[in-house]
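Peer 1: CSV, C-alpha atoms, saved as run10.csv, coming up:
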chain,number,residue,atom,x,y,z
A,162,MET,CA,-17.8,-11.6,39.7
A,163,ILE,CA,-16.1,-11.0,36.4
A,164,PRO,CA,-15.5,-7.3,35.8
A,165,ASP,CA,-17.4,-5.8,32.9
A,166,PRO,CA,-14.8,-5.1,30.3
A,167,ARG,CA,-16.9,-2.1,29.1
A,168,SER,CA,-16.1,-0.4,32.4
A,169,GLN,CA,-12.4,-0.9,31.8
A,170,PRO,CA,-12.1,-0.8,28.0
A,171,PHE,CA,-9.0,-2.5,26.7
A,172,LYS,CA,-6.4,-0.1,25.4
A,173,PRO,CA,-4.1,-1.4,22.9
A,174,SER,CA,-1.1,0.5,24.1
A,175,PRO,CA,-0.3,2.9,26.9
A,176,LEU,CA,1.9,4.7,24.3
A,177,LEU,CA,-1.1,6.0,22.3
A,178,ARG,CA,0.1,4.3,19.1
A,179,HIS,CA,-3.3,4.3,17.5
A,180,PRO,CA,-2.8,6.4,14.4
A,181,ARG,CA,-6.1,8.2,14.9
A,182,VAL,CA,-4.9,9.6,18.2
A,183,ALA,CA,-3.6,13.0,17.4
A,184,ASP,CA,-0.5,13.4,19.4
A,185,GLU,CA,1.1,16.8,20.0
A,186,VAL,CA,3.1,18.0,17.1
A,187,PRO,CA,6.3,19.7,18.2
A,188,PRO,CA,6.8,23.0,16.4
A,189,PHE,CA,10.1,21.8,15.0
A,190,MET,CA,8.3,19.0,13.2
A,191,ASN,CA,6.0,21.4,11.4
A,192,ALA,CA,9.1,23.4,10.3
A,193,LEU,CA,10.7,20.1,9.1
A,194,ILE,CA,7.6,19.2,7.1
A,195,SER,CA,7.4,22.6,5.6
A,196,ARG,CA,11.0,22.5,4.6
A,197,ALA,CA,10.7,19.0,3.2
A,198,ARG,CA,7.6,20.1,1.2
A,199,ASP,CA,9.9,22.7,-0.4
A,200,GLY,CA,12.3,20.0,-1.5
A,201,ASP,CA,14.7,20.0,1.4
A,202,LYS,CA,15.9,16.4,1.6
A,203,GLN,CA,17.9,17.1,4.8
A,204,ALA,CA,14.7,18.1,6.5
A,205,PHE,CA,13.0,14.9,5.2
A,206,GLU,CA,15.9,12.9,6.4
A,207,GLN,CA,15.2,14.2,9.9
A,208,LEU,CA,11.6,13.2,9.5
A,209,TYR,CA,12.8,9.8,8.5
A,210,ARG,CA,15.1,9.5,11.5
A,211,GLU,CA,12.2,10.5,13.8
A,212,ASN,CA,9.8,7.9,12.3
A,213,VAL,CA,11.8,5.0,10.8
A,214,GLY,CA,11.6,2.9,13.9
A,215,ARG,CA,7.8,3.0,14.1
A,216,VAL,CA,7.4,2.4,10.3
A,217,TYR,CA,9.9,-0.5,10.4
A,218,ALA,CA,8.2,-2.1,13.4
A,219,LEU,CA,4.9,-1.9,11.6
A,220,CYS,CA,6.3,-3.4,8.4
A,221,LEU,CA,8.2,-6.1,10.3
A,222,ARG,CA,5.2,-7.3,12.3
A,223,MET,CA,2.8,-7.1,9.4
A,224,MET,CA,5.0,-8.8,6.9
A,225,GLY,CA,6.7,-11.3,9.3
A,226,ASP,CA,9.9,-11.0,7.3
A,227,SER,CA,12.8,-8.6,7.8
A,228,ALA,CA,13.8,-8.3,4.1
A,229,MET,CA,10.3,-7.4,3.2
A,230,ALA,CA,10.1,-5.0,6.1
A,231,ASP,CA,13.3,-3.4,4.9
A,232,GLU,CA,12.0,-2.9,1.4
A,233,LEU,CA,8.6,-1.7,2.4
A,234,THR,CA,10.0,0.8,4.9
A,235,GLN,CA,12.0,2.3,2.0
A,236,ASP,CA,8.9,2.4,-0.2
A,237,ALA,CA,6.9,4.0,2.6
A,238,PHE,CA,9.3,6.9,2.9
A,239,VAL,CA,9.6,7.3,-0.9
A,240,ARG,CA,5.9,7.5,-1.1
A,241,ALA,CA,5.6,9.9,1.8
A,242,TRP,CA,8.0,12.2,0.0
A,243,GLN,CA,6.0,12.0,-3.1
A,244,LYS,CA,2.7,12.6,-1.3
A,245,LEU,CA,4.0,15.2,1.2
A,246,ASP,CA,2.0,17.9,-0.5
A,247,SER,CA,-1.2,16.0,0.4
A,248,PHE,CA,-0.4,16.1,4.1
A,249,ARG,CA,-2.7,18.7,5.5
A,250,GLY,CA,-1.6,18.6,9.1
A,251,GLU,CA,-5.1,17.5,10.2
A,252,SER,CA,-3.3,14.7,12.1
A,253,ALA,CA,0.2,14.2,13.3
A,254,PHE,CA,2.7,13.5,10.6
A,255,SER,CA,3.5,10.2,12.3
A,256,SER,CA,-0.2,9.2,12.1
A,257,TRP,CA,-0.4,10.2,8.5
A,258,LEU,CA,2.8,8.2,7.8
A,259,HIS,CA,1.5,5.2,9.7
A,260,ARG,CA,-1.7,5.2,7.7
A,261,LEU,CA,0.2,5.5,4.4
A,262,THR,CA,2.4,2.6,5.5
A,263,VAL,CA,-0.5,0.4,6.3
A,264,ASN,CA,-2.1,1.2,2.9
A,265,LEU,CA,1.2,0.4,1.2
A,266,ILE,CA,1.6,-3.0,3.1
A,267,LEU,CA,-2.0,-4.0,2.3
A,268,GLN,CA,-1.7,-3.0,-1.4
A,269,ASN,CA,1.5,-4.9,-1.6
A,270,ARG,CA,-0.2,-8.0,-0.1
A,271,ARG,CA,-3.1,-7.7,-2.5
A,272,SER,CA,-1.1,-6.9,-5.6
A,273,ASP,CA,2.0,-9.2,-5.6
A,274,ARG,CA,3.2,-12.5,-4.5
A,275,ARG,CA,6.5,-11.4,-2.9
A,276,ARG,CA,5.8,-13.7,0.0
A,277,SER,CA,8.5,-15.8,1.6
A,278,SER,CA,7.9,-19.4,1.0
A,279,TRP,CA,8.7,-20.4,4.6
A,280,LEU,CA,5.8,-18.5,6.0
A,281,VAL,CA,3.4,-20.8,7.7
A,282,THR,CA,-0.1,-20.7,6.2
A,283,SER,CA,-1.5,-23.6,8.2
A,284,ASP,CA,-3.8,-23.4,11.2
A,285,ASP,CA,-1.8,-26.2,12.7
A,286,PRO,CA,-0.5,-24.8,16.0
A,287,GLU,CA,2.4,-27.3,15.8
A,288,LEU,CA,3.6,-25.4,12.8
A,289,VAL,CA,2.8,-22.0,14.1
A,290,GLY,CA,4.9,-22.4,17.2
A,291,ALA,CA,8.3,-23.9,16.3
A,292,THR,CA,9.9,-23.0,19.7
A,293,PRO,CA,8.1,-24.1,22.8
A,294,THR,CA,8.0,-21.5,25.5
A,295,GLU,CA,8.8,-22.3,29.1
A,296,SER,CA,6.1,-20.2,30.7
A,297,PRO,CA,2.7,-19.0,29.6
A,298,ILE,CA,3.2,-16.0,27.3
A,299,SER,CA,6.7,-15.5,28.6
A,300,THR,CA,8.5,-12.7,26.8
A,301,ALA,CA,8.1,-10.1,24.2
A,302,ILE,CA,10.6,-11.9,22.0
A,303,ASP,CA,8.5,-15.0,22.1
A,304,LEU,CA,5.4,-13.0,21.2
A,305,GLU,CA,7.2,-11.3,18.3
A,306,ASP,CA,8.3,-14.6,17.0
A,307,ALA,CA,4.8,-16.1,17.4
A,308,ILE,CA,3.3,-13.2,15.6
A,309,ARG,CA,5.8,-13.5,12.8
A,310,ARG,CA,4.8,-17.1,12.3
A,311,LEU,CA,1.1,-16.5,12.1
A,312,PRO,CA,-0.7,-17.0,8.7
A,313,PRO,CA,-0.5,-13.7,6.8
A,314,GLY,CA,-4.2,-12.6,7.0
A,315,ALA,CA,-4.4,-13.4,10.7
A,316,ARG,CA,-1.1,-11.7,11.4
A,317,GLU,CA,-2.1,-8.5,9.7
A,318,VAL,CA,-5.4,-8.2,11.5
A,319,PHE,CA,-3.8,-9.1,14.8
A,320,VAL,CA,-1.1,-6.4,14.4
A,321,LEU,CA,-3.5,-3.8,13.3
A,322,HIS,CA,-6.1,-4.5,16.0
A,323,ASP,CA,-4.3,-5.7,19.0
A,324,VAL,CA,-0.9,-3.9,18.6
A,325,GLU,CA,-1.8,-0.8,16.6
A,326,GLY,CA,-5.3,-0.2,17.9
A,327,TYR,CA,-7.3,-0.1,14.7
A,328,ARG,CA,-11.0,-1.0,14.9
A,329,HIS,CA,-12.5,-3.9,12.8
A,330,SER,CA,-14.4,-1.4,10.7
A,331,GLU,CA,-11.2,0.5,9.9
A,332,ILE,CA,-9.3,-2.7,9.1
A,333,ALA,CA,-12.1,-3.9,6.9
A,334,GLU,CA,-12.0,-0.6,5.0
A,335,LEU,CA,-8.2,-0.6,4.6
A,336,ALA,CA,-7.9,-4.2,3.7
A,337,GLY,CA,-11.0,-4.4,1.5
A,338,ILE,CA,-12.6,-7.2,3.6
A,339,ALA,CA,-15.8,-7.5,5.5
A,340,PRO,CA,-15.7,-6.5,9.2
A,341,GLY,CA,-16.8,-10.1,10.0
A,342,THR,CA,-13.7,-11.4,8.2
A,343,SER,CA,-11.5,-9.1,10.3
A,344,LYS,CA,-13.1,-10.4,13.5
A,345,ALA,CA,-12.7,-14.0,12.3
A,346,GLN,CA,-9.0,-13.4,11.5
A,347,LEU,CA,-8.5,-11.8,14.9
A,348,HIS,CA,-10.1,-14.7,16.6
A,349,ARG,CA,-7.9,-17.1,14.7
A,350,ALA,CA,-4.8,-15.2,15.4
A,351,ARG,CA,-5.5,-15.0,19.1
A,352,ARG,CA,-6.3,-18.7,19.3
A,353,LEU,CA,-3.1,-19.6,17.4
A,354,LEU,CA,-1.0,-17.3,19.6
A,355,ARG,CA,-2.5,-18.7,22.8
A,356,GLU,CA,-1.9,-22.2,21.7
A,357,THR,CA,1.7,-21.4,20.7
A,358,LEU,CA,2.6,-19.3,23.8
A,359,THR,CA,1.0,-21.6,26.4
A,360,SER,CA,2.2,-24.9,24.9
B,92,MET,CA,-24.2,-21.7,27.2
B,93,LYS,CA,-21.7,-24.3,25.8
B,94,HIS,CA,-18.0,-23.9,26.2
B,95,THR,CA,-17.6,-23.5,22.4
B,96,ASP,CA,-20.2,-20.7,22.3
B,97,VAL,CA,-18.5,-18.9,25.2
B,98,ARG,CA,-15.1,-19.1,23.5
B,99,ALA,CA,-16.5,-17.8,20.3
B,100,ILE,CA,-17.7,-14.6,21.9
B,101,LEU,CA,-14.8,-13.9,24.3
B,102,ASP,CA,-13.3,-11.5,21.8
B,103,ASP,CA,-16.5,-9.5,21.6
B,104,TYR,CA,-16.7,-9.6,25.4
B,105,LEU,CA,-13.2,-8.1,25.7
B,106,GLY,CA,-14.0,-5.6,23.0
B,107,GLY,CA,-17.1,-4.6,25.0
B,108,THR,CA,-19.4,-5.2,22.1
B,109,LEU,CA,-21.6,-7.9,23.6
B,110,GLY,CA,-25.3,-7.3,24.0
B,111,ARG,CA,-26.8,-7.2,27.5
B,112,SER,CA,-28.4,-10.6,27.3
B,113,GLU,CA,-25.3,-12.3,25.9
B,114,LEU,CA,-23.2,-10.6,28.5
B,115,ARG,CA,-25.4,-11.9,31.3
B,116,ALA,CA,-25.3,-15.4,29.9
B,117,LEU,CA,-21.6,-15.3,29.4
B,118,GLU,CA,-20.9,-14.0,33.0
B,119,ALA,CA,-23.2,-16.7,34.3
B,120,HIS,CA,-21.2,-19.3,32.5
B,121,LEU,CA,-17.9,-17.9,33.5
B,122,ALA,CA,-18.9,-17.8,37.1
B,123,GLY,CA,-19.2,-21.5,37.2
B,124,CYS,CA,-16.6,-22.6,34.6
B,125,GLY,CA,-13.0,-22.7,35.5
B,126,PRO,CA,-11.6,-23.7,32.1
B,127,CYS,CA,-13.4,-20.8,30.3
B,128,ARG,CA,-12.2,-18.3,33.0
B,129,ARG,CA,-8.7,-19.5,32.4
B,130,GLU,CA,-9.2,-19.1,28.7
B,131,LEU,CA,-10.3,-15.5,29.3
B,132,GLN,CA,-7.3,-14.9,31.6
B,133,VAL,CA,-4.9,-16.2,28.9
B,134,ILE,CA,-6.5,-13.9,26.3
B,135,ARG,CA,-6.2,-10.9,28.6
B,136,ARG,CA,-2.6,-11.7,29.3
B,137,LEU,CA,-2.0,-12.0,25.5
B,138,LEU,CA,-3.6,-8.6,25.0
B,139,SER,CA,-1.6,-7.1,27.8
B,140,GLU,CA,1.7,-8.5,26.4
B,141,SER,CA,0.7,-7.2,22.9
B,142,ALA,CA,0.2,-3.8,24.2
B,143,LYS,CA,3.6,-3.8,25.8
B,144,LEU,CA,5.4,-4.6,22.5
B,145,PRO,CA,7.7,-1.7,21.6
B,146,PRO,CA,6.1,0.7,19.2
B,147,SER,CA,9.4,1.2,17.5
B,148,ILE,CA,12.1,-1.2,16.2
B,149,GLU,CA,15.2,0.2,14.6
B,150,PRO,CA,16.0,-1.5,11.2
B,151,PRO,CA,19.2,-3.5,11.4
B,152,ARG,CA,20.9,-1.1,8.9
B,153,ASP,CA,20.5,2.5,7.9
B,154,LEU,CA,18.0,2.7,5.1
B,155,TRP,CA,18.4,6.4,4.3
B,156,SER,CA,21.2,5.7,1.9
B,157,ARG,CA,18.8,3.7,-0.2
B,158,ILE,CA,15.9,6.0,0.1
B,159,GLU,CA,17.6,9.3,-0.7
B,160,PRO,CA,18.6,8.4,-4.3
B,161,ARG,CA,15.0,7.5,-4.9
B,162,LEU,CA,13.6,10.9,-4.0
B,163,SER,CA,12.8,13.2,-6.8
B,164,ALA,CA,14.2,16.7,-6.7
B,165,LYS,CA,11.1,18.1,-5.1
B,166,PRO,CA,8.1,16.4,-3.6
B,167,LEU,CA,5.3,16.3,-6.1
B,168,SER,CA,3.1,19.2,-5.6
B,169,SER,CA,-0.7,19.5,-6.0
B,170,SER,CA,-0.1,21.8,-8.9
B,171,THR,CA,1.8,19.1,-10.8
B,172,VAL,CA,1.4,15.4,-10.5
B,173,PHE,CA,-1.6,15.2,-8.2
B,174,HIS,CA,-3.5,17.2,-10.7
B,175,ARG,CA,-2.8,14.3,-13.0
B,176,PHE,CA,-3.5,11.5,-10.6
B,177,ARG,CA,-6.5,12.6,-8.5
B,178,PRO,CA,-9.7,12.0,-10.3
B,179,PRO,CA,-11.0,15.5,-10.9
B,180,LEU,CA,-7.6,16.8,-11.9
B,181,HIS,CA,-6.4,13.7,-13.6
B,182,LEU,CA,-9.1,14.0,-16.1
B,183,GLY,CA,-7.3,16.8,-17.9
B,184,SER,CA,-4.4,14.7,-19.2
B,185,LEU,CA,-6.6,11.7,-19.8
B,186,ALA,CA,-9.0,13.8,-21.8
B,187,ALA,CA,-6.0,15.2,-23.8
B,188,ALA,CA,-4.8,11.7,-24.4
B,189,ALA,CA,-8.3,10.7,-25.5
B,190,SER,CA,-8.3,13.6,-28.0
B,191,VAL,CA,-5.0,12.5,-29.4
B,192,LEU,CA,-6.3,8.9,-29.6
B,193,VAL,CA,-9.1,10.2,-31.8
B,194,ILE,CA,-6.7,12.1,-34.0
B,195,LEU,CA,-4.5,9.0,-34.3
B,196,ALA,CA,-7.4,6.8,-35.1
B,197,VAL,CA,-8.7,9.2,-37.8
B,198,SER,CA,-5.2,9.7,-39.2
B,199,ALA,CA,-4.6,5.9,-39.3
B,200,THR,CA,-7.9,5.5,-41.2
B,201,VAL,CA,-7.2,8.4,-43.6
B,202,PHE,CA,-3.7,7.4,-44.3
B,203,ALA,CA,-4.7,3.7,-44.8
B,204,THR,CA,-7.7,4.3,-47.0
B,205,ARG,CA,-6.5,7.2,-49.2
B,206,THR,CA,-3.5,5.3,-50.6
B,207,ARG,CA,-3.5,7.3,-53.8
B,208,PHE,CA,-2.9,11.0,-54.0
B,209,THR,CA,-5.5,13.2,-55.6
B,210,HIS,CA,-4.6,16.0,-57.9
B,211,THR,CA,-5.2,18.5,-55.1
B,212,GLU,CA,-2.9,16.6,-52.7
B,213,THR,CA,0.8,16.4,-52.9
B,214,PRO,CA,3.0,13.9,-51.1
B,215,VAL,CA,4.5,16.8,-49.2
B,216,THR,CA,1.0,17.7,-47.8
B,217,ALA,CA,0.4,14.1,-46.7
B,218,HIS,CA,3.8,14.1,-44.9
B,219,GLN,CA,3.1,17.4,-43.3
B,220,GLN,CA,-0.2,16.1,-42.1
B,221,PHE,CA,1.5,13.2,-40.5
B,222,VAL,CA,4.1,15.5,-38.8
B,223,VAL,CA,1.3,17.5,-37.2
B,224,THR,CA,-0.4,14.3,-36.0
B,225,GLU,CA,2.9,13.0,-34.6
B,226,LYS,CA,3.4,16.2,-32.6
B,227,TYR,CA,0.2,15.6,-30.8
B,228,TYR,CA,1.2,12.1,-30.1
B,229,VAL,CA,4.7,13.1,-28.8
B,230,ALA,CA,3.2,15.7,-26.4
B,231,ALA,CA,0.5,13.3,-25.1
B,232,SER,CA,2.8,10.4,-24.8
B,233,ALA,CA,5.4,12.4,-22.9
B,234,GLU,CA,2.9,13.6,-20.4
B,235,LEU,CA,1.4,10.2,-19.8
B,236,ALA,CA,4.9,8.6,-19.6
B,237,GLU,CA,5.9,11.2,-17.0
B,238,ALA,CA,2.8,10.4,-15.0
B,239,PHE,CA,3.6,6.7,-15.2
B,240,ARG,CA,7.2,7.3,-14.2
B,241,VAL,CA,6.1,9.1,-11.1
B,242,ALA,CA,3.4,6.5,-10.3
B,243,ARG,CA,5.6,3.5,-10.7
B,244,ASN,CA,6.0,3.1,-6.9
B,245,GLU,CA,2.3,2.6,-6.6
B,246,LEU,CA,2.4,-0.6,-8.6
B,247,SER,CA,4.0,-3.9,-7.7
B,248,PRO,CA,7.4,-4.6,-9.2
B,249,GLU,CA,6.0,-7.4,-11.3
B,250,MET,CA,3.3,-5.2,-12.8
B,251,VAL,CA,5.9,-2.4,-13.5
B,252,GLN,CA,8.1,-5.1,-15.2
B,253,LEU,CA,5.2,-6.3,-17.3
B,254,ILE,CA,4.2,-2.7,-18.3
B,255,ASP,CA,7.8,-1.9,-19.2
B,256,LYS,CA,8.1,-5.0,-21.2
B,257,ASN,CA,4.9,-4.1,-23.2
B,258,LEU,CA,6.0,-0.6,-23.7
B,259,GLY,CA,9.4,-1.9,-24.8
B,260,VAL,CA,7.8,-4.0,-27.5
B,261,ILE,CA,5.7,-1.1,-28.7
B,262,ASP,CA,8.7,1.3,-28.7
B,263,ALA,CA,10.7,-1.3,-30.7
B,264,ALA,CA,7.8,-1.5,-33.2
B,265,ILE,CA,7.6,2.3,-33.4
B,266,GLN,CA,11.4,2.5,-34.1
B,267,GLU,CA,11.1,-0.1,-36.8
B,268,ILE,CA,8.2,1.6,-38.5
B,269,ARG,CA,9.9,5.0,-38.2
B,270,ASP,CA,13.0,3.6,-39.9
B,271,ALA,CA,10.8,2.3,-42.7
B,272,LEU,CA,9.1,5.7,-43.0
B,273,ALA,CA,12.5,7.4,-43.1
B,274,GLN,CA,13.3,5.2,-46.1
B,275,ASP,CA,9.9,6.1,-47.8
B,276,PRO,CA,8.6,9.4,-46.2
B,277,ASN,CA,5.5,9.5,-48.2
B,278,ASN,CA,4.3,6.0,-47.8
B,279,ARG,CA,0.7,6.3,-46.4
B,280,GLU,CA,0.5,2.7,-45.4
B,281,VAL,CA,3.5,3.1,-43.2
B,282,MET,CA,2.1,6.3,-41.8
B,283,ALA,CA,-1.1,4.5,-41.0
B,284,MET,CA,0.8,1.7,-39.3
B,285,LEU,CA,2.8,4.2,-37.2
B,286,ALA,CA,-0.4,6.1,-36.2
B,287,THR,CA,-1.9,2.8,-35.1
B,288,VAL,CA,1.1,1.8,-33.0
B,289,TYR,CA,1.2,5.3,-31.4
B,290,GLN,CA,-2.4,4.8,-30.6
B,291,LYS,CA,-1.6,1.5,-28.9
B,292,LYS,CA,1.1,3.1,-26.8
B,293,LEU,CA,-1.1,5.9,-25.6
B,294,MET,CA,-3.8,3.4,-24.7
B,295,VAL,CA,-1.4,1.4,-22.6
B,296,LEU,CA,-0.1,4.6,-20.9
B,297,ARG,CA,-3.6,5.9,-20.4
B,298,ASP,CA,-4.7,2.6,-18.8
B,299,VAL,CA,-1.7,2.3,-16.4
B,300,THR,CA,-2.0,5.9,-15.2
B,301,GLY,CA,-5.7,5.3,-14.8
B,302,TRP,CA,-5.0,2.4,-12.6
B,303,THR,CA,-2.6,4.2,-10.4
B,304,SER,CA,-5.0,7.1,-9.9
B,305,GLU,CA,-7.4,4.6,-8.5
B,306,LEU,CA,-5.0,3.1,-6.0
Rewrite the structure of this file - the entire thing - as structure tokens.
Peer 2:
Amino acid sequence: MIPDPRSQPFKPSPLLRHPRVADEVPPFMNALISRARDGDKQAFEQLYRENVGRVYALCLRMMGDSAMADELTQDAFVRAWQKLDSFRGESAFSSWLHRLTVNLILQNRRSDRRRSSWLVTSDDPELVGATPTESPISTAIDLEDAIRRLPPGAREVFVLHDVEGYRHSEIAELAGIAPGTSKAQLHRARRLLRETLTS
Amino acid sequence: MKHTDVRAILDDYLGGTLGRSELRALEAHLAGCGPCRRELQVIRRLLSESAKLPPSIEPPRDLWSRIEPRLSAKPLSSSTVFHRFRPPLHLGSLAAAASVLVILAVSATVFATRTRFTHTETPVTAHQQFVVTEKYYVAASAELAEAFRVARNELSPEMVQLIDKNLGVIDAAIQEIRDALAQDPNNREVMAMLATVYQKKLMVLRDVTGWTSEL
């Protein structure tokens, strides 16, 4: 008997990385935010140090390119500084920053063509997986590499849904696409990853 | 249920969004189909591995040294720029710009059509009128230019480059006409021309700050 997945819902991450999950905000973070709002760049630097890894990981996985991730991470923190006054503390700062970064990435994708020419845009699994793996879905490094090589649309939806824990309705709203398109992109991404990682 | 039908709904199955009848049909198929069960296992494994990816990756170099110089002296407060960018508050400066556009349009027409002075009008009066008009332009232009400076990060580099290029062309035209006006301060045609170019610059700035407010 196959277990009903609804009795054991899939959780994207044991680390509660979903941005909607309001994690506990340590008091010192509130103090840092308050000081940064007043123009204290040292306080903002500490917020940067606390959050840069998560922002960079998101940018890297969504963009599939370290140079773009580098640039967008910088842009995300500059924008966060500019918009700090609009942070109301209704969610954790990290969640707010995460959402802001996702918006920035998707806006960037919509508005410009700064896309590396080497990115694979084909559905051909031969092109998607350049390095064969020895065992089915072997290591995190293989998976990171396979995600990086996904076509852009499929990659973004996969990262947002399966890694970051967004729902299709949320992705659709953020990316300006239909929920059905988000589902189709996820299906495509999972298929390509399976084909790559089990080849 | 065919294999292809099953594989098309495995994502929904794992997401727990299948209807009862579809769920029953799928489970019936899976119970008797090894390849589809293996397919399901592989997807589960993929999801499990995805969930284990580290939530944080440190960038290969410290980015703070590049971020810090880009930060303004103080984060923009709701009493300053957000009032200009968020729709209800943004309307203020756009409305002011719209008023100046009307003034410029009227001025351009007046200066262009009344090329000869009447007995009640002296060249000094015409010039003074233009100076007043220009003050409105300078104030509105400065406000919108500041709004655009702040909002540049919201636009793509290519778009910013294009806008800068256009503004550069307009500024060059303004400078050229101002030079001409300096040579002939009471020339109404030159005043009309300058009012028209001022108008164009405000329209560009109004449009680009309008875009960024919508982002």
Peer 1: Show me which bits of chain B are within 9 Å of chain A, counting only C-alpha atoms, as an MDAnalysis selection string.
Peer 2: chainID B and resid 99 102:108 114 118 121:122 128 130 133:134 136:152 154:155 157:159 161:169 173 241 244:250 306
Peer 1: Counting only C-alpha atoms, I want the residues whose atoms come within 9 Å of (-0.5, 7.1, -22.4) in the file frame, returned as a list in words.
Peer 2: Leu185, Ala188, Ala231, Ser232, Ala233, Glu234, Leu235, Ala236, Ala238, Phe239, Gln290, Lys291, Lys292, Leu293, Met294, Val295, Leu296, Arg297, Asp298, Val299 and Thr300 of chain B
Peer 1: Between CA of Gln207 (chain A) and CA of Thr262 (chain A), measure the distance and give it in Å to one decimal.
Peer 2: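 Between CA of Gln207 (chain A) and CA of Thr262 (chain A) the gap works out to 17.8 Å.
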Peer 1: Kindly give the distance, in Å, that separates CA of Asn191 (chain A) and CA of Ile266 (chain A), rounded to a single decimal.
Peer 2: 26.1 Å
Peer 1: Which one of B:Val288, B:Asp153, B:Leu117, B:Ile254 sits closest to Glu267 (chain B) if you count all atoms listed in the file?
Peer 2: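 Closest candidate: B:Val288.
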Peer 1: Considering all atoms listed in the file, return as a list in words whatever protein or nucleic-acid residues lie within 8 Å of His120 (chain B), sequence-local ones (same chain, fewer than 3 positions apart) excluded.
Peer 2: Met92, Val97, Ala116, Leu117, Gly123 and Cys124 of chain B
Peer 1: Output the selection as an mmCIF file, in the frame of the given file - C-alpha atoms for each residue.
Peer 2:
data_model
loop_
_atom_site.group_PDB
_atom_site.id
_atom_site.type_symbol
_atom_site.label_atom_id
_atom_site.label_comp_id
_atom_site.auth_asym_id
_atom_site.auth_seq_id
_atom_site.Cartn_x
_atom_site.Cartn_y
_atom_site.Cartn_z
ATOM 1 C CA MET B 92 -24.200 -21.700 27.200
ATOM 2 C CA VAL B 97 -18.500 -18.900 25.200
ATOM 3 C CA ALA B 116 -25.300 -15.400 29.900
ATOM 4 C CA LEU B 117 -21.600 -15.300 29.400
ATOM 5 C CA GLY B 123 -19.200 -21.500 37.200
ATOM 6 C CA CYS B 124 -16.600 -22.600 34.600
#
Peer 1: Could you please give me, as JSON, numbers by chain, the residues of protein, DNA or RNA lying at most 9 Å from (1.6, 5.5, -32.9) in the coordinate frame of the file, considering all atoms listed in the file?
Peer 2: {"B": [195, 199, 225, 228, 261, 265, 282, 283, 284, 285, 286, 287, 288, 289, 290, 291, 292, 293]}
Peer 1: Figure out the distance between CA of His322 (chain A) and CA of Leu267 (chain A), please, to one decimal in Å.
Peer 2: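 Going from CA of Leu267 (chain A) over to CA of His322 (chain A), I get 14.3 Å.
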